[in-house]
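Written below as structure tokens is the structure these notes are about.
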Amino acid sequence: MNEAVAAADTAWILAAFTAVSLMVPGLAMFYGGMVSVRNTLNMAMMTFGAFAVVGVLWIVFGYSAVLGNSLGGLGILGDPLEFFGSSSLLEAPAEPGLPPALVSGFQLLFAGITVALISGALADRMKFGAWMLFAGLWATFVYFPVAHWVFAFDSADGSVIGGWIANTLGAIDFAGGTAVHINAGIAALAVVLVLGARKTFPVSPRPHSLPLTMLGAGILLFGWFGFNGGSALSAGNSASVVILNTVAAACAGICAWLAVEKLREGHATSLGAASGLIAALVAITPACGAVSPLGALVVGGAAGAVCCFAVSWKYRLGYDDALDVVGVHLVGGILGTVLIGFLADPAAPNGAAGLLYGGGVDVLWRQCVAVAAVLAYCFVVTLVIALALKKFMGIRADQESEYDGLDVSVHGETAYVLDAVGLTGASKHGTDAVLGAEAITTRAADPAKA
């Protein structure tokens with residue numbers, strides 16, 4: 001690689017880093033708008049808090065655990081001590097290429113956002129201190145190992161051994177369908193089962209600000225171009241194809257969700273549009289370098305339609321996934337990862353041929369094994385972490401705090417001051433008196449229709 005190419009690649013990843021960094025406030029707004037006005041700041045704090053905790057751990061040992069030489073050559077975990085403290089990342093690469101510090105910073109954002117995604121399922125009822133501790137433990141014992149499996153590649157000379165999914169299994173995951181979305185989605189389900197449902201479930205507080213949610217979704221779309229496009233790690237054709245596929249899937253996802261919603265409930269809603277967008281972006285994340293633009297439309301449309309149905313499963317199965325992390329990220333992540341086995345186009349950057357392109361089932365079975373491995377490992381370890389925290393410190397906010405809202409009871413703040421009485425105290429009835437009844441479902445007025 002010559003210096004000019006290296007400089008162009010570095011500039012692109014710096015730009016992608018900036019775009020991805022906006023996903024942190026974007027997620028805070030997206031989630032914050034969907035909860036009650038009494039819990040919107042707590043939702044934002046869970047996003048920023050998780051990002052901060054994971055960022056500290058990443059600098060100390062996370063980068064090394066994810067991208068370091070695999071311990072024992074097993075492909076399970078990078079050596080946490082190889083780049084301990086990240087001080088060795090200060091040096092420029094010996095030959096023209098991406099600065100290691102930039103690669104580390106870019107991957108730090110992936111780690112922080114992945115953990116923050118889980119918080120949406122736990123809205124309105126988890127202790128903030130327990131959440132912060134959970135974020136650190138989950139990143140250490142779940143995200144770092146799984147990210148090593150998926151994102152760490154063997155070096156060309158064989159001196160560095162990467163993760164088993166990327167190298168031994170050879171499954172395709174361009175930007176994190178397994179390590180990010182399936183990982184976060186199945187973790188959310190595990191914690192929800194331990195945490196329990198809100199007192200009003202299956203009736204949920206209505207989203208207090210759908211414009212805020214729509215704005216958050218738009219910011220996430222912007223960040224996703226850096227998330228997926230930056231994962232090409234170069235400023236070239238691969239990044240260009242990935243960005244085209246990403247926007248194609250996003251458009252198809254919105255259309256598909258709204259069509260299903262209109263047929264089922266008679267309305268095409270703004271929340272549906274935002275949800276369809278995110279579902280499609282989740283599904284195209286692993287597939288963006290493997291499919292054609294038409295394939296991206298299929299992936300995004302399938303995600304919008306299937307996830308629109310999947311968010312209602314919580315009513316039938318009885319788990320309180322407050323903001324549909326399971327229905328969108330888990331289901332969308334599985335769908336996008338598995339569809340690669342059918343739709344992978346050998347002309348796309350990954351160069352693999354799926355079942356519909358004459359490749360047989362070779363790609364498909366690898367994708368399925370990767371999905372199953374992440375599901376099993378993450379669910380079991382997350383369940384153990386959540387049960388341990390519940391036993392030793394408790395993870396559920398007390399009933400009075402849940403009723404008053406976590407903004408006031410935990411953070412001593414309110415998102416909006418509507419008058420001198422309504423939102424300045426922790427009165428059990430003050431907020432409701434000002435804002436009116438909030439108890440309607442977020443996805444359907446009647447959960448029985450779901």
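Identifiers in this document derive from the order of the structure tokens: chains are assigned A, B, ..., residues are numbered from 1 separately in each chain, and ligands are numbered from 1 in order of occurrence.
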Fill in: In segment 265-421 of chain A, DSSP alpha helix (DSSP H) residues written as an MDAnalysis selection string
chainID A and resid 265 270:287 293:310 313:317 325 331:343 362:392 399:404 406
Worksheet entry | Distance query Pro286 of chain A at most 12 Å, only C-alpha atoms, self and fewer than 3 positions along chain excluded, as a ChimeraX atom specification | /A:150-151,171-182,227-229,231-232,242,245-246,280-283,289-291,296,299-300,332-341,344,350,367,370-371
File dump, residues just selected, N, CA and C atoms, as a tab-separated table (two decimals), in the first residue's frame:
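Contents of the output file out18.tsv:
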chain	number	residue	atom	x	y	z
A	150	VAL	N	-15.49	-12.84	15.58
A	150	VAL	CA	-16.05	-12.32	14.34
A	150	VAL	C	-15.13	-11.31	13.63
A	151	PHE	N	-14.49	-10.45	14.39
A	151	PHE	CA	-13.76	-9.32	13.80
A	151	PHE	C	-12.24	-9.51	13.72
A	171	ALA	N	-17.55	-17.87	8.26
A	171	ALA	CA	-18.86	-17.25	8.07
A	171	ALA	C	-18.68	-15.78	7.70
A	172	ILE	N	-19.69	-15.22	7.02
A	172	ILE	CA	-19.64	-13.83	6.57
A	172	ILE	C	-20.43	-12.95	7.53
A	173	ASP	N	-19.78	-11.93	8.04
A	173	ASP	CA	-20.44	-10.93	8.87
A	173	ASP	C	-19.69	-9.62	8.66
A	174	PHE	N	-20.14	-8.83	7.70
A	174	PHE	CA	-19.36	-7.68	7.27
A	174	PHE	C	-19.17	-6.65	8.38
A	175	ALA	N	-20.24	-6.34	9.12
A	175	ALA	CA	-20.13	-5.25	10.09
A	175	ALA	C	-20.76	-5.56	11.44
A	176	GLY	N	-21.17	-6.81	11.70
A	176	GLY	CA	-21.60	-7.11	13.06
A	176	GLY	C	-23.00	-7.63	13.26
A	177	GLY	N	-23.54	-8.38	12.32
A	177	GLY	CA	-24.85	-8.98	12.54
A	177	GLY	C	-24.85	-9.93	13.72
A	178	THR	N	-23.79	-10.70	13.87
A	178	THR	CA	-23.68	-11.63	14.99
A	178	THR	C	-23.14	-10.94	16.24
A	179	ALA	N	-21.98	-10.32	16.10
A	179	ALA	CA	-21.29	-9.74	17.26
A	179	ALA	C	-22.06	-8.57	17.87
A	180	VAL	N	-22.80	-7.83	17.05
A	180	VAL	CA	-23.50	-6.65	17.55
A	180	VAL	C	-24.99	-6.96	17.78
A	181	HIS	N	-25.71	-7.28	16.73
A	181	HIS	CA	-27.17	-7.29	16.84
A	181	HIS	C	-27.74	-8.58	17.43
A	182	ILE	N	-27.30	-9.73	16.96
A	182	ILE	CA	-27.76	-10.98	17.58
A	182	ILE	C	-27.28	-11.03	19.02
A	227	PHE	N	-20.83	3.07	10.09
A	227	PHE	CA	-20.75	1.76	10.74
A	227	PHE	C	-20.47	0.67	9.71
A	228	ASN	N	-21.28	0.63	8.66
A	228	ASN	CA	-21.10	-0.39	7.62
A	228	ASN	C	-19.99	-0.03	6.65
A	229	GLY	N	-20.02	1.20	6.13
A	229	GLY	CA	-19.02	1.60	5.15
A	229	GLY	C	-17.62	1.62	5.72
A	231	SER	N	-16.49	-0.32	7.91
A	231	SER	CA	-16.04	-1.69	8.13
A	231	SER	C	-15.30	-2.26	6.92
A	232	ALA	N	-15.37	-1.56	5.79
A	232	ALA	CA	-14.56	-1.95	4.63
A	232	ALA	C	-13.08	-1.67	4.89
A	242	VAL	N	-21.11	-1.12	-0.20
A	242	VAL	CA	-21.72	-1.30	1.12
A	242	VAL	C	-22.69	-0.16	1.43
A	245	ASN	N	-25.85	-0.55	-0.69
A	245	ASN	CA	-26.69	-1.62	-0.16
A	245	ASN	C	-27.38	-1.20	1.13
A	246	THR	N	-26.69	-0.44	1.95
A	246	THR	CA	-27.26	-0.01	3.22
A	246	THR	C	-28.46	0.90	3.02
A	280	ALA	N	-34.33	-2.88	9.10
A	280	ALA	CA	-33.62	-3.11	7.84
A	280	ALA	C	-32.13	-2.87	7.99
A	281	LEU	N	-31.76	-1.82	8.70
A	281	LEU	CA	-30.34	-1.53	8.92
A	281	LEU	C	-29.66	-2.65	9.72
A	282	VAL	N	-30.39	-3.19	10.69
A	282	VAL	CA	-29.86	-4.34	11.45
A	282	VAL	C	-29.59	-5.51	10.51
A	283	ALA	N	-30.56	-5.83	9.67
A	283	ALA	CA	-30.44	-7.01	8.80
A	283	ALA	C	-29.36	-6.85	7.74
A	289	GLY	N	-21.85	-6.37	2.44
A	289	GLY	CA	-20.75	-6.63	1.52
A	289	GLY	C	-20.91	-7.91	0.73
A	290	ALA	N	-22.04	-8.60	0.92
A	290	ALA	CA	-22.21	-9.92	0.31
A	290	ALA	C	-23.30	-9.98	-0.75
A	291	VAL	N	-24.19	-8.98	-0.78
A	291	VAL	CA	-25.35	-9.06	-1.68
A	291	VAL	C	-25.31	-7.94	-2.72
A	296	ALA	N	-30.11	-6.43	-1.46
A	296	ALA	CA	-30.28	-5.55	-0.30
A	296	ALA	C	-31.74	-5.15	-0.12
A	299	VAL	N	-33.35	-8.13	1.51
A	299	VAL	CA	-32.97	-8.23	2.92
A	299	VAL	C	-33.71	-7.18	3.74
A	300	GLY	N	-33.69	-5.92	3.27
A	300	GLY	CA	-34.36	-4.85	4.02
A	300	GLY	C	-35.86	-5.03	4.07
A	332	GLY	N	-33.98	-9.37	13.41
A	332	GLY	CA	-33.37	-8.77	12.24
A	332	GLY	C	-31.95	-9.25	12.01
A	333	GLY	N	-31.18	-9.40	13.09
A	333	GLY	CA	-29.81	-9.88	12.96
A	333	GLY	C	-29.73	-11.30	12.46
A	334	ILE	N	-30.60	-12.16	12.98
A	334	ILE	CA	-30.63	-13.56	12.50
A	334	ILE	C	-31.04	-13.60	11.03
A	335	LEU	N	-32.07	-12.84	10.69
A	335	LEU	CA	-32.58	-12.84	9.32
A	335	LEU	C	-31.50	-12.41	8.34
A	336	GLY	N	-30.84	-11.29	8.63
A	336	GLY	CA	-29.82	-10.80	7.72
A	336	GLY	C	-28.63	-11.73	7.59
A	337	THR	N	-28.23	-12.35	8.69
A	337	THR	CA	-27.09	-13.26	8.67
A	337	THR	C	-27.40	-14.52	7.88
A	338	VAL	N	-28.59	-15.08	8.07
A	338	VAL	CA	-28.96	-16.32	7.38
A	338	VAL	C	-29.24	-16.07	5.90
A	339	LEU	N	-29.84	-14.93	5.57
A	339	LEU	CA	-30.15	-14.65	4.18
A	339	LEU	C	-28.91	-14.55	3.30
A	340	ILE	N	-27.77	-14.28	3.90
A	340	ILE	CA	-26.52	-14.29	3.13
A	340	ILE	C	-26.33	-15.65	2.46
A	341	GLY	N	-26.72	-16.71	3.15
A	341	GLY	CA	-26.59	-18.05	2.60
A	341	GLY	C	-27.39	-18.26	1.33
A	344	ALA	N	-26.06	-14.30	-1.28
A	344	ALA	CA	-24.69	-13.84	-1.51
A	344	ALA	C	-24.36	-13.87	-3.00
A	350	ASN	N	-17.60	-9.37	-0.80
A	350	ASN	CA	-17.22	-10.59	-0.10
A	350	ASN	C	-16.87	-11.74	-1.04
A	367	GLN	N	-23.24	-19.81	7.97
A	367	GLN	CA	-23.99	-18.71	8.59
A	367	GLN	C	-24.83	-19.22	9.76
A	370	ALA	N	-22.68	-20.00	12.84
A	370	ALA	CA	-22.28	-18.77	13.51
A	370	ALA	C	-23.41	-18.20	14.35
A	371	VAL	N	-24.62	-18.18	13.79
A	371	VAL	CA	-25.78	-17.69	14.53
A	371	VAL	C	-26.02	-18.54	15.77
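Shortest atom-to-atom contact with Ala386 of chain A among A:Phe61, A:Phe84, A:Phe134, A:Tyr315: A:Phe134, counting only C-alpha atoms.
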Discussion item. My list of candidates is A:Gly272, A:Pro207, A:Gly32, A:Pro25. Which is closest to Asp407 of chain A when distances are computed with only C-alpha atoms?
Written reply: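 Among the listed residues, the smallest separation from Asp407 of chain A belongs to A:Gly32.
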Item to complete: Would you mind listing what lies within 8 Å of Ala397 of chain A as a ChimeraX atom specification, with only C-alpha atoms counted and same-chain residues fewer than 2 positions away left out?
Response: /A:125-127,395,399,401-402
Selection from above, all heavy atoms, as a PDB file, in the first residue's frame, can you write it?
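What landed in selection_11.pdb:
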ATOM      1  N   ARG A 125     -37.386   0.213  34.503  1.00  0.00           N
ATOM      2  CA  ARG A 125     -37.431  -0.610  35.713  1.00  0.00           C
ATOM      3  C   ARG A 125     -36.104  -1.138  36.237  1.00  0.00           C
ATOM      4  O   ARG A 125     -36.079  -1.802  37.274  1.00  0.00           O
ATOM      5  CB  ARG A 125     -38.363  -1.800  35.493  1.00  0.00           C
ATOM      6  CG  ARG A 125     -37.925  -2.770  34.383  1.00  0.00           C
ATOM      7  CD  ARG A 125     -39.118  -3.535  33.897  1.00  0.00           C
ATOM      8  NE  ARG A 125     -38.836  -4.657  33.015  1.00  0.00           N
ATOM      9  CZ  ARG A 125     -38.635  -4.543  31.704  1.00  0.00           C
ATOM     10  NH1 ARG A 125     -38.625  -3.369  31.132  1.00  0.00           N
ATOM     11  NH2 ARG A 125     -38.429  -5.631  30.966  1.00  0.00           N
ATOM     12  N   MET A 126     -34.983  -0.872  35.599  1.00  0.00           N
ATOM     13  CA  MET A 126     -33.723  -1.428  36.076  1.00  0.00           C
ATOM     14  C   MET A 126     -32.953  -0.404  36.886  1.00  0.00           C
ATOM     15  O   MET A 126     -32.901   0.783  36.535  1.00  0.00           O
ATOM     16  CB  MET A 126     -32.863  -1.911  34.913  1.00  0.00           C
ATOM     17  CG  MET A 126     -31.618  -2.673  35.363  1.00  0.00           C
ATOM     18  SD  MET A 126     -30.783  -3.502  33.986  1.00  0.00           S
ATOM     19  CE  MET A 126     -29.518  -4.435  34.888  1.00  0.00           C
ATOM     20  N   LYS A 127     -32.321  -0.845  37.975  1.00  0.00           N
ATOM     21  CA  LYS A 127     -31.467   0.029  38.760  1.00  0.00           C
ATOM     22  C   LYS A 127     -30.314   0.532  37.889  1.00  0.00           C
ATOM     23  O   LYS A 127     -29.677  -0.241  37.172  1.00  0.00           O
ATOM     24  CB  LYS A 127     -30.877  -0.725  39.955  1.00  0.00           C
ATOM     25  CG  LYS A 127     -31.853  -1.061  41.061  1.00  0.00           C
ATOM     26  CD  LYS A 127     -31.108  -1.750  42.194  1.00  0.00           C
ATOM     27  CE  LYS A 127     -32.014  -2.047  43.370  1.00  0.00           C
ATOM     28  NZ  LYS A 127     -31.275  -2.737  44.470  1.00  0.00           N
ATOM     29  N   ILE A 395     -31.414  -5.992  40.860  1.00  0.00           N
ATOM     30  CA  ILE A 395     -31.352  -5.269  39.591  1.00  0.00           C
ATOM     31  C   ILE A 395     -32.635  -4.497  39.290  1.00  0.00           C
ATOM     32  O   ILE A 395     -32.660  -3.672  38.381  1.00  0.00           O
ATOM     33  CB  ILE A 395     -31.050  -6.217  38.406  1.00  0.00           C
ATOM     34  CG1 ILE A 395     -32.112  -7.313  38.295  1.00  0.00           C
ATOM     35  CG2 ILE A 395     -29.670  -6.804  38.541  1.00  0.00           C
ATOM     36  CD1 ILE A 395     -31.924  -8.198  37.065  1.00  0.00           C
ATOM     37  N   GLN A 399     -40.614  -0.310  43.769  1.00  0.00           N
ATOM     38  CA  GLN A 399     -41.921  -0.019  43.173  1.00  0.00           C
ATOM     39  C   GLN A 399     -42.216   1.472  43.152  1.00  0.00           C
ATOM     40  O   GLN A 399     -42.766   1.999  42.169  1.00  0.00           O
ATOM     41  CB  GLN A 399     -43.009  -0.763  43.952  1.00  0.00           C
ATOM     42  CG  GLN A 399     -44.396  -0.650  43.317  1.00  0.00           C
ATOM     43  CD  GLN A 399     -45.406  -1.570  43.987  1.00  0.00           C
ATOM     44  OE1 GLN A 399     -45.034  -2.427  44.778  1.00  0.00           O
ATOM     45  NE2 GLN A 399     -46.675  -1.384  43.667  1.00  0.00           N
ATOM     46  N   SER A 401     -40.086   3.958  42.977  1.00  0.00           N
ATOM     47  CA  SER A 401     -39.268   4.603  41.951  1.00  0.00           C
ATOM     48  C   SER A 401     -39.832   4.338  40.562  1.00  0.00           C
ATOM     49  O   SER A 401     -39.842   5.229  39.698  1.00  0.00           O
ATOM     50  CB  SER A 401     -37.823   4.090  42.028  1.00  0.00           C
ATOM     51  OG  SER A 401     -37.217   4.475  43.240  1.00  0.00           O
ATOM     52  N   GLU A 402     -40.301   3.127  40.333  1.00  0.00           N
ATOM     53  CA  GLU A 402     -40.912   2.816  39.045  1.00  0.00           C
ATOM     54  C   GLU A 402     -42.143   3.671  38.815  1.00  0.00           C
ATOM     55  O   GLU A 402     -42.375   4.157  37.702  1.00  0.00           O
ATOM     56  CB  GLU A 402     -41.295   1.330  38.978  1.00  0.00           C
ATOM     57  CG  GLU A 402     -40.136   0.386  38.770  1.00  0.00           C
ATOM     58  CD  GLU A 402     -40.604  -1.038  38.491  1.00  0.00           C
ATOM     59  OE1 GLU A 402     -41.520  -1.210  37.654  1.00  0.00           O
ATOM     60  OE2 GLU A 402     -40.075  -1.957  39.126  1.00  0.00           O
TER      61      GLU A 402
END
Fill in: Polymer residues at most 9 Å from Pro211 of chain A, only C-alpha atoms, same-chain spacing of 4 or more positions, as an MDAnalysis selection string
chainID A and resid 33 215:216 270
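Reported to one decimal place, the separation of atom CA of Ala248 of chain A from atom CA of Glu265 of chain A is 25.9 Å.
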Worksheet entry | Coordinates-based distance that separates atom CA of Ile254 of chain A from atom CA of Leu277 of chain A (Å, one decimal) | 5.0 Å
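The two atoms in question, atom CA of Trp257 of chain A and atom CA of His329 of chain A, are spaced 14.7 Å apart.
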